[in-house]
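So this one's data.pdb, PDB, C-alpha atoms, pLDDT in the B column:
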ATOM      1  CA  MET A   1       0.000   0.000   0.000  1.00 49.00           C
ATOM      2  CA  ILE A   2       2.815   2.396   0.871  1.00 45.00           C
ATOM      3  CA  LYS A   3       4.521   1.695  -2.444  1.00 49.00           C
ATOM      4  CA  LYS A   4       1.242   2.224  -4.319  1.00 49.00           C
ATOM      5  CA  ASN A   5       0.650   5.517  -2.534  1.00 53.00           C
ATOM      6  CA  THR A   6       4.197   6.639  -3.327  1.00 48.00           C
ATOM      7  CA  ILE A   7       3.712   5.883  -7.017  1.00 45.00           C
ATOM      8  CA  THR A   8       0.356   7.680  -7.043  1.00 50.00           C
ATOM      9  CA  LEU A   9       1.928  10.709  -5.381  1.00 48.00           C
ATOM     10  CA  ALA A  10       4.789  10.612  -7.862  1.00 48.00           C
ATOM     11  CA  LEU A  11       2.381  10.566 -10.791  1.00 45.00           C
ATOM     12  CA  LEU A  12       0.391  13.473  -9.401  1.00 48.00           C
ATOM     13  CA  LEU A  13       3.532  15.481  -8.782  1.00 48.00           C
ATOM     14  CA  PHE A  14       4.826  14.589 -12.220  1.00 44.00           C
ATOM     15  CA  ALA A  15       1.617  15.890 -13.810  1.00 45.00           C
ATOM     16  CA  ALA A  16       2.045  19.152 -11.949  1.00 46.00           C
ATOM     17  CA  PHE A  17       5.722  19.171 -12.854  1.00 44.00           C
ATOM     18  CA  GLN A  18       4.952  18.707 -16.546  1.00 42.00           C
ATOM     19  CA  THR A  19       2.441  21.556 -16.457  1.00 42.00           C
ATOM     20  CA  ALA A  20       5.082  23.857 -15.032  1.00 42.00           C
ATOM     21  CA  PHE A  21       8.025  22.433 -16.974  1.00 48.00           C
ATOM     22  CA  ALA A  22       8.488  25.758 -18.706  1.00 58.00           C
ATOM     23  CA  THR A  23       9.546  26.979 -15.306  1.00 73.00           C
ATOM     24  CA  ASN A  24       8.353  30.199 -13.747  1.00 83.00           C
ATOM     25  CA  ILE A  25      11.359  31.740 -11.994  1.00 87.00           C
ATOM     26  CA  THR A  26      10.718  34.443  -9.397  1.00 91.00           C
ATOM     27  CA  ILE A  27      13.543  36.583  -8.040  1.00 93.00           C
ATOM     28  CA  VAL A  28      12.733  38.923  -5.169  1.00 93.00           C
ATOM     29  CA  THR A  29      14.590  41.657  -3.337  1.00 93.00           C
ATOM     30  CA  SER A  30      15.558  41.034   0.267  1.00 90.00           C
ATOM     31  CA  GLY A  31      17.118  44.118   1.798  1.00 92.00           C
ATOM     32  CA  PHE A  32      19.931  44.982  -0.580  1.00 95.00           C
ATOM     33  CA  THR A  33      20.211  41.597  -2.254  1.00 94.00           C
ATOM     34  CA  TYR A  34      18.361  39.563  -4.857  1.00 95.00           C
ATOM     35  CA  SER A  35      17.047  36.195  -3.731  1.00 91.00           C
ATOM     36  CA  PRO A  36      18.070  33.851  -5.163  1.00 90.00           C
ATOM     37  CA  SER A  37      20.991  35.784  -6.619  1.00 90.00           C
ATOM     38  CA  THR A  38      21.935  32.961  -8.982  1.00 89.00           C
ATOM     39  CA  VAL A  39      19.501  30.681 -10.790  1.00 87.00           C
ATOM     40  CA  THR A  40      19.731  28.328 -13.754  1.00 82.00           C
ATOM     41  CA  GLY A  41      17.124  28.687 -16.472  1.00 82.00           C
ATOM     42  CA  ALA A  42      16.401  27.407 -19.940  1.00 80.00           C
ATOM     43  CA  VAL A  43      14.907  28.760 -23.132  1.00 77.00           C
ATOM     44  CA  GLY A  44      11.147  29.082 -22.629  1.00 79.00           C
ATOM     45  CA  ASP A  45      11.322  29.746 -18.884  1.00 83.00           C
ATOM     46  CA  VAL A  46       9.423  32.802 -17.642  1.00 88.00           C
ATOM     47  CA  VAL A  47      11.356  35.039 -15.241  1.00 92.00           C
ATOM     48  CA  THR A  48      10.008  37.718 -12.924  1.00 94.00           C
ATOM     49  CA  ILE A  49      12.508  39.988 -11.166  1.00 96.00           C
ATOM     50  CA  SER A  50      11.467  42.345  -8.403  1.00 95.00           C
ATOM     51  CA  ALA A  51      11.976  46.048  -9.147  1.00 96.00           C
ATOM     52  CA  SER A  52      10.838  49.336  -7.658  1.00 95.00           C
ATOM     53  CA  THR A  53      11.771  52.993  -7.522  1.00 96.00           C
ATOM     54  CA  THR A  54      14.002  52.099  -4.554  1.00 96.00           C
ATOM     55  CA  HIS A  55      15.593  49.197  -6.434  1.00 97.00           C
ATOM     56  CA  PRO A  56      15.351  49.985 -10.164  1.00 97.00           C
ATOM     57  CA  LEU A  57      16.406  47.032 -12.313  1.00 97.00           C
ATOM     58  CA  VAL A  58      18.889  47.197 -15.176  1.00 97.00           C
ATOM     59  CA  GLN A  59      20.394  44.507 -17.376  1.00 96.00           C
ATOM     60  CA  VAL A  60      24.183  44.776 -17.646  1.00 95.00           C
ATOM     61  CA  ASP A  61      26.954  42.986 -19.502  1.00 94.00           C
ATOM     62  CA  LEU A  62      29.395  40.650 -17.786  1.00 94.00           C
ATOM     63  CA  THR A  63      32.167  43.273 -17.601  1.00 94.00           C
ATOM     64  CA  ASN A  64      30.008  45.779 -15.717  1.00 95.00           C
ATOM     65  CA  TRP A  65      28.445  43.030 -13.588  1.00 96.00           C
ATOM     66  CA  THR A  66      31.901  41.873 -12.476  1.00 95.00           C
ATOM     67  CA  ALA A  67      32.990  45.450 -11.768  1.00 95.00           C
ATOM     68  CA  ASN A  68      29.764  46.291  -9.862  1.00 96.00           C
ATOM     69  CA  THR A  69      29.022  49.043 -12.374  1.00 95.00           C
ATOM     70  CA  PRO A  70      25.246  49.365 -12.970  1.00 95.00           C
ATOM     71  CA  THR A  71      25.544  50.672 -16.525  1.00 95.00           C
ATOM     72  CA  PRO A  72      22.556  49.510 -18.609  1.00 94.00           C
ATOM     73  CA  MET A  73      23.508  47.177 -21.431  1.00 92.00           C
ATOM     74  CA  GLY A  74      22.819  48.332 -24.953  1.00 89.00           C
ATOM     75  CA  GLY A  75      19.791  46.450 -26.230  1.00 86.00           C
ATOM     76  CA  GLY A  76      18.894  45.386 -22.688  1.00 89.00           C
ATOM     77  CA  TRP A  77      15.772  46.044 -20.644  1.00 90.00           C
ATOM     78  CA  GLY A  78      16.400  49.711 -19.966  1.00 90.00           C
ATOM     79  CA  THR A  79      15.515  50.715 -16.403  1.00 94.00           C
ATOM     80  CA  LYS A  80      12.559  48.988 -14.724  1.00 96.00           C
ATOM     81  CA  THR A  81      10.886  50.464 -11.650  1.00 96.00           C
ATOM     82  CA  ALA A  82       8.199  47.777 -11.347  1.00 95.00           C
ATOM     83  CA  ASN A  83       8.435  43.996 -11.307  1.00 95.00           C
ATOM     84  CA  TYR A  84       9.718  42.888 -14.702  1.00 95.00           C
ATOM     85  CA  THR A  85       8.621  39.654 -16.389  1.00 94.00           C
ATOM     86  CA  PHE A  86      10.215  38.204 -19.508  1.00 91.00           C
ATOM     87  CA  THR A  87      10.722  34.894 -21.299  1.00 88.00           C
ATOM     88  CA  ILE A  88      14.197  33.488 -21.877  1.00 86.00           C
ATOM     89  CA  THR A  89      14.627  33.214 -25.636  1.00 79.00           C
ATOM     90  CA  VAL A  90      18.342  32.507 -26.164  1.00 78.00           C
ATOM     91  CA  THR A  91      20.976  30.329 -24.516  1.00 78.00           C
ATOM     92  CA  GLN A  92      22.953  33.203 -23.069  1.00 84.00           C
ATOM     93  CA  ASP A  93      23.607  34.064 -19.426  1.00 91.00           C
ATOM     94  CA  ILE A  94      21.725  37.113 -18.139  1.00 94.00           C
ATOM     95  CA  TYR A  95      23.250  39.630 -15.729  1.00 96.00           C
ATOM     96  CA  TYR A  96      21.348  42.315 -13.857  1.00 97.00           C
ATOM     97  CA  MET A  97      21.828  44.865 -11.081  1.00 97.00           C
ATOM     98  CA  CYS A  98      20.039  47.436  -8.993  1.00 97.00           C
ATOM     99  CA  ALA A  99      20.685  50.813 -10.631  1.00 97.00           C
ATOM    100  CA  ASN A 100      20.885  52.486  -7.213  1.00 96.00           C
ATOM    101  CA  HIS A 101      22.824  49.878  -5.266  1.00 96.00           C
ATOM    102  CA  GLY A 102      24.671  47.794  -7.843  1.00 95.00           C
ATOM    103  CA  ALA A 103      27.907  49.549  -6.950  1.00 95.00           C
ATOM    104  CA  ASN A 104      27.517  47.994  -3.492  1.00 95.00           C
ATOM    105  CA  GLY A 105      27.038  44.509  -4.905  1.00 95.00           C
ATOM    106  CA  MET A 106      23.263  44.283  -5.318  1.00 96.00           C
ATOM    107  CA  LYS A 107      23.215  42.079  -8.404  1.00 96.00           C
ATOM    108  CA  GLY A 108      22.179  38.699  -9.739  1.00 95.00           C
ATOM    109  CA  LYS A 109      22.570  36.381 -12.678  1.00 94.00           C
ATOM    110  CA  ILE A 110      20.571  33.797 -14.598  1.00 92.00           C
ATOM    111  CA  LEU A 111      22.636  30.988 -16.069  1.00 88.00           C
ATOM    112  CA  VAL A 112      21.243  29.780 -19.379  1.00 84.00           C
ATOM    113  CA  PRO A 113      23.604  27.024 -20.508  1.00 74.00           C
ATOM    114  CA  SER A 114      23.938  26.140 -24.160  1.00 60.00           C
ATOM    115  CA  VAL A 115      23.768  22.600 -25.482  1.00 46.00           C
ATOM    116  CA  GLY A 116      26.901  23.499 -27.436  1.00 40.00           C
ATOM    117  CA  ILE A 117      26.829  20.853 -30.197  1.00 37.00           C
ATOM    118  CA  MET A 118      26.177  20.800 -33.926  1.00 35.00           C
ATOM    119  CA  GLN A 119      22.869  19.377 -35.118  1.00 36.00           C
ATOM    120  CA  ALA A 120      24.605  16.540 -36.958  1.00 34.00           C
ATOM    121  CA  THR A 121      26.332  15.440 -33.759  1.00 45.00           C
ATOM    122  CA  ALA A 122      23.166  15.759 -31.692  1.00 43.00           C
ATOM    123  CA  ALA A 123      21.289  13.494 -34.075  1.00 45.00           C
ATOM    124  CA  ALA A 124      23.681  10.650 -33.246  1.00 55.00           C
ATOM    125  CA  TYR A 125      22.547  10.628 -29.612  1.00 65.00           C
ATOM    126  CA  ASN A 126      19.213  10.002 -27.953  1.00 78.00           C
ATOM    127  CA  ILE A 127      19.642  10.928 -24.309  1.00 82.00           C
ATOM    128  CA  SER A 128      17.005  10.588 -21.615  1.00 83.00           C
ATOM    129  CA  VAL A 129      16.507  10.141 -17.882  1.00 86.00           C
ATOM    130  CA  TYR A 130      13.955   7.682 -16.554  1.00 89.00           C
ATOM    131  CA  PRO A 131      11.900   7.434 -14.530  1.00 91.00           C
ATOM    132  CA  ASN A 132      11.149  11.143 -14.316  1.00 88.00           C
ATOM    133  CA  PRO A 133      10.263  11.979 -11.604  1.00 91.00           C
ATOM    134  CA  VAL A 134      12.978  10.031  -9.802  1.00 91.00           C
ATOM    135  CA  VAL A 135      11.571   8.109  -6.834  1.00 89.00           C
ATOM    136  CA  ASN A 136      13.583   6.282  -4.146  1.00 87.00           C
ATOM    137  CA  GLY A 137      16.825   7.787  -5.425  1.00 89.00           C
ATOM    138  CA  GLU A 138      17.257   5.484  -8.414  1.00 91.00           C
ATOM    139  CA  PHE A 139      17.167   6.417 -12.081  1.00 92.00           C
ATOM    140  CA  THR A 140      18.826   5.529 -15.368  1.00 92.00           C
ATOM    141  CA  ILE A 141      20.634   7.684 -17.899  1.00 88.00           C
ATOM    142  CA  LYS A 142      20.086   6.307 -21.385  1.00 86.00           C
ATOM    143  CA  ALA A 143      22.511   7.582 -24.010  1.00 80.00           C
ATOM    144  CA  GLU A 144      21.904   5.769 -27.274  1.00 78.00           C
ATOM    145  CA  GLY A 145      24.918   6.136 -29.525  1.00 69.00           C
ATOM    146  CA  ASN A 146      27.358   6.365 -26.623  1.00 57.00           C
ATOM    147  CA  ASN A 147      30.231   4.066 -27.502  1.00 61.00           C
ATOM    148  CA  PHE A 148      32.775   6.106 -25.594  1.00 59.00           C
ATOM    149  CA  THR A 149      34.349   5.596 -22.187  1.00 65.00           C
ATOM    150  CA  ASP A 150      34.584   9.265 -21.228  1.00 72.00           C
ATOM    151  CA  GLY A 151      30.899  10.068 -20.765  1.00 82.00           C
ATOM    152  CA  LYS A 152      29.504  11.553 -17.568  1.00 86.00           C
ATOM    153  CA  VAL A 153      26.394  13.169 -16.191  1.00 88.00           C
ATOM    154  CA  MET A 154      26.616  16.254 -13.984  1.00 86.00           C
ATOM    155  CA  VAL A 155      23.690  17.185 -11.744  1.00 89.00           C
ATOM    156  CA  TYR A 156      23.010  20.800 -10.719  1.00 84.00           C
ATOM    157  CA  ASN A 157      20.513  22.274  -8.285  1.00 84.00           C
ATOM    158  CA  GLU A 158      18.227  25.186  -9.213  1.00 76.00           C
ATOM    159  CA  GLU A 159      20.893  27.693  -8.179  1.00 72.00           C
ATOM    160  CA  GLY A 160      23.340  26.228 -10.676  1.00 74.00           C
ATOM    161  CA  LYS A 161      25.527  24.506  -8.072  1.00 80.00           C
ATOM    162  CA  LEU A 162      27.069  21.179  -9.090  1.00 84.00           C
ATOM    163  CA  VAL A 163      25.817  18.594  -6.578  1.00 90.00           C
ATOM    164  CA  GLU A 164      26.697  15.231  -8.163  1.00 92.00           C
ATOM    165  CA  THR A 165      28.783  13.754 -10.966  1.00 91.00           C
ATOM    166  CA  HIS A 166      28.374  10.206 -12.301  1.00 91.00           C
ATOM    167  CA  ILE A 167      30.362   8.319 -14.940  1.00 89.00           C
ATOM    168  CA  LEU A 168      28.386   6.842 -17.827  1.00 86.00           C
ATOM    169  CA  SER A 169      28.902   3.157 -18.558  1.00 82.00           C
ATOM    170  CA  GLY A 170      27.701   2.678 -22.099  1.00 77.00           C
ATOM    171  CA  VAL A 171      24.186   3.061 -23.408  1.00 82.00           C
ATOM    172  CA  SER A 172      22.350   2.672 -20.065  1.00 87.00           C
ATOM    173  CA  THR A 173      23.778   3.724 -16.709  1.00 89.00           C
ATOM    174  CA  PRO A 174      21.857   3.051 -13.471  1.00 92.00           C
ATOM    175  CA  ILE A 175      22.428   5.778 -10.911  1.00 92.00           C
ATOM    176  CA  LYS A 176      21.726   6.000  -7.206  1.00 92.00           C
ATOM    177  CA  THR A 177      21.383   9.406  -5.610  1.00 90.00           C
ATOM    178  CA  LYS A 178      20.722  10.826  -2.160  1.00 87.00           C
ATOM    179  CA  LEU A 179      19.427  14.143  -3.458  1.00 91.00           C
ATOM    180  CA  PRO A 180      16.583  15.715  -1.479  1.00 92.00           C
ATOM    181  CA  SER A 181      13.256  16.346  -3.188  1.00 91.00           C
ATOM    182  CA  GLY A 182      13.351  19.132  -5.729  1.00 89.00           C
ATOM    183  CA  VAL A 183      13.937  20.194  -9.323  1.00 87.00           C
ATOM    184  CA  TYR A 184      17.385  19.604 -10.774  1.00 88.00           C
ATOM    185  CA  PHE A 185      19.237  19.942 -14.053  1.00 85.00           C
ATOM    186  CA  TYR A 186      21.324  17.195 -15.592  1.00 85.00           C
ATOM    187  CA  ALA A 187      24.024  17.733 -18.184  1.00 82.00           C
ATOM    188  CA  VAL A 188      25.316  14.774 -20.194  1.00 83.00           C
ATOM    189  CA  LEU A 189      28.852  15.193 -21.492  1.00 80.00           C
ATOM    190  CA  ILE A 190      30.742  13.000 -23.929  1.00 76.00           C
ATOM    191  CA  GLY A 191      34.369  14.018 -23.653  1.00 71.00           C
ATOM    192  CA  ASN A 192      34.276  17.795 -23.190  1.00 68.00           C
ATOM    193  CA  THR A 193      31.118  18.253 -25.266  1.00 72.00           C
ATOM    194  CA  GLU A 194      27.787  18.812 -23.567  1.00 71.00           C
ATOM    195  CA  MET A 195      25.279  16.707 -25.439  1.00 76.00           C
ATOM    196  CA  LYS A 196      22.134  17.533 -23.526  1.00 78.00           C
ATOM    197  CA  ARG A 197      20.943  19.572 -20.554  1.00 78.00           C
ATOM    198  CA  ALA A 198      17.442  19.200 -19.170  1.00 82.00           C
ATOM    199  CA  LYS A 199      15.425  19.245 -15.962  1.00 84.00           C
ATOM    200  CA  PHE A 200      14.198  16.402 -13.830  1.00 88.00           C
ATOM    201  CA  LEU A 201      12.272  16.010 -10.602  1.00 90.00           C
ATOM    202  CA  VAL A 202      13.427  14.099  -7.541  1.00 91.00           C
ATOM    203  CA  ILE A 203      10.949  12.817  -4.975  1.00 90.00           C
ATOM    204  CA  ALA A 204      12.954  11.613  -1.992  1.00 82.00           C
ATOM    205  CA  SER A 205      11.526   8.697  -0.052  1.00 70.00           C
ATOM    206  CA  LYS A 206      10.724   9.272   3.604  1.00 60.00           C
TER
END
Same coordinates, now as structure tokens:
Amino acid sequence: MIKKNTITLALLLFAAFQTAFATNITIVTSGFTYSPSTVTGAVGDVVTISASTTHPLVQVDLTNWTANTPTPMGGGWGTKTANYTFTITVTQDIYYMCANHGANGMKGKILVPSVGIMQATAAAYNISVYPNPVVNGEFTIKAEGNNFTDGKVMVYNEEGKLVETHILSGVSTPIKTKLPSGVYFYAVLIGNTEMKRAKFLVIASK
């Protein structure tokens, strides 16, 4: 009965997960910081960043972001004094700051990693994670076309922090994880080439 209930819960959560798979990312201001200050997104995700007349929002380039210089980026958002919502359309990292307090380090970034492979190469691989959602900490990475010995899968949390790395062992690799419940990203690499990056859901057993 417990196992049946767990599977039913997983299916219900997976349905909700699928509905929200084009993730809605919300970034708020907390004092003089953005929270979370670093997130990982993907093309199609909808992002809302808190802004106000006290904390006007500007998009900046990497150079100004690193230097804590809140100079608006050409072709960026301009200056927003109300919550700003947009959809990620390209695989390019996004940097932003508070126009009033960016010089003091009030800034954030959205990592939007690129698949980074040519279409011809991508067609040679069919990569997937199953089951998704992951229940009881066990899942399989299937990488059809993987005849190499230098494949690996890297798992990131929603803030873009690397939390696990696993070596691929051919076409199908069973993996055990102790990750807590949540949404994660996996990146499959063959050699130094990232073949696929996608999201998956973990439902930790209690």
| Got a sec to check which residues sit within 6 Å of (34.1, 12.5, -23.9), counting only C-alpha atoms, and write them as a ChimeraX atom specification? | /A:150-151,190-192
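Closest approach to Asp93 (chain A) among A:Val39, A:Leu162, A:Leu111, A:Ile127 is made by A:Leu111 (distances from all atoms listed in the file).
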If you apply the PyMOL selection byres ((chain A and resi 89) around 9) to this file, what residues do you get, as a PDB file with C-alpha atoms, in the coordinates of the input?
ATOM      1  CA  ALA A  42      16.401  27.407 -19.940  1.00 80.00           C
ATOM      2  CA  VAL A  43      14.907  28.760 -23.132  1.00 77.00           C
ATOM      3  CA  GLY A  44      11.147  29.082 -22.629  1.00 79.00           C
ATOM      4  CA  ASP A  45      11.322  29.746 -18.884  1.00 83.00           C
ATOM      5  CA  THR A  87      10.722  34.894 -21.299  1.00 88.00           C
ATOM      6  CA  ILE A  88      14.197  33.488 -21.877  1.00 86.00           C
ATOM      7  CA  VAL A  90      18.342  32.507 -26.164  1.00 78.00           C
ATOM      8  CA  THR A  91      20.976  30.329 -24.516  1.00 78.00           C
ATOM      9  CA  GLN A  92      22.953  33.203 -23.069  1.00 84.00           C
TER      10      GLN A  92
END
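One finds CA of Glu164 (chain A) at 23.5 Å from CA of Ser35 (chain A).
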| said: For the PyMOL selection byres ((chain A and resi 165-167) around 9), applied here, can you spell out every residue it catches as number ranges by chain? | reply: A: 149-155, 162-164, 168-169, 173, 175
| said: Need the shell around region 72-79 of chain A: protein/DNA/RNA residues with any atom at most 8 Å away, counting all atoms listed in the file. Skip same-chain ones fewer than 5 positions apart. Format as a ChimeraX atom specification? | reply: /A:56-61,99
Centre, x/y/z edge lengths, axis-aligned box for region 180-195 of chain A with 3 Å per side, as JSON:
{"center_x": 23.8, "center_y": 16.6, "center_z": -13.5, "size_x": 27.1, "size_y": 13.2, "size_z": 30.0}
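Taking CA of Phe185 (chain A) and CA of Pro113 (chain A) as endpoints, the distance between them is 10.5 Å.
The set of residues that the PyMOL selection byres ((chain A and resi 31) around 12) takes from this file is Val28, Thr29, Ser30, Phe32, Thr33, Tyr34, Ser35, Ser50, Thr54, His55, Cys98, His101, Gly105 and Met106 of chain A.
If only C-alpha atoms are the atoms counted, then among A:Thr69, A:Thr177, A:Ser205, A:Thr193 the closest residue to Val135 (chain A) is A:Ser205.
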| note | In Å and to one decimal, CA of Thr71 (chain A) is distant from CA of Gly102 (chain A) by 9.2 Å
| message | Counting only C-alpha atoms, which residue out of A:Asn100, A:Asn64, A:Ser128, A:Thr85 sits closest to Val46 (chain A)? | response | A:Thr85
| message | Taking all atoms listed in the file into account, name the residue in A:Tyr84, A:Phe200, A:Tyr156, A:Trp65 that is nearest to Phe139 (chain A). | response | A:Phe200
| Quick one: of A:Asn83, A:Thr23, A:Tyr96, A:Thr66, who's nearest to Val183 (chain A), counting only C-alpha atoms? | A:Thr23
| request: Measuring atom to atom with all atoms listed in the file, identify which of A:Gly182, A:Pro131, A:Gly41, A:Pro70 is nearest to Gly160 (chain A). | output: A:Gly41
Can you tell me, as a tab-separated table (two decimals) with C-alpha atoms, keeping the file's coordinate frame, what residues are no more than 6 Å from Lys109 (chain A) when counting only C-alpha atoms, ignoring any on the same chain fewer than 5 positions away?
chain	number	residue	atom	x	y	z
A	38	THR	CA	21.94	32.96	-8.98
A	94	ILE	CA	21.72	37.11	-18.14
A	95	TYR	CA	23.25	39.63	-15.73
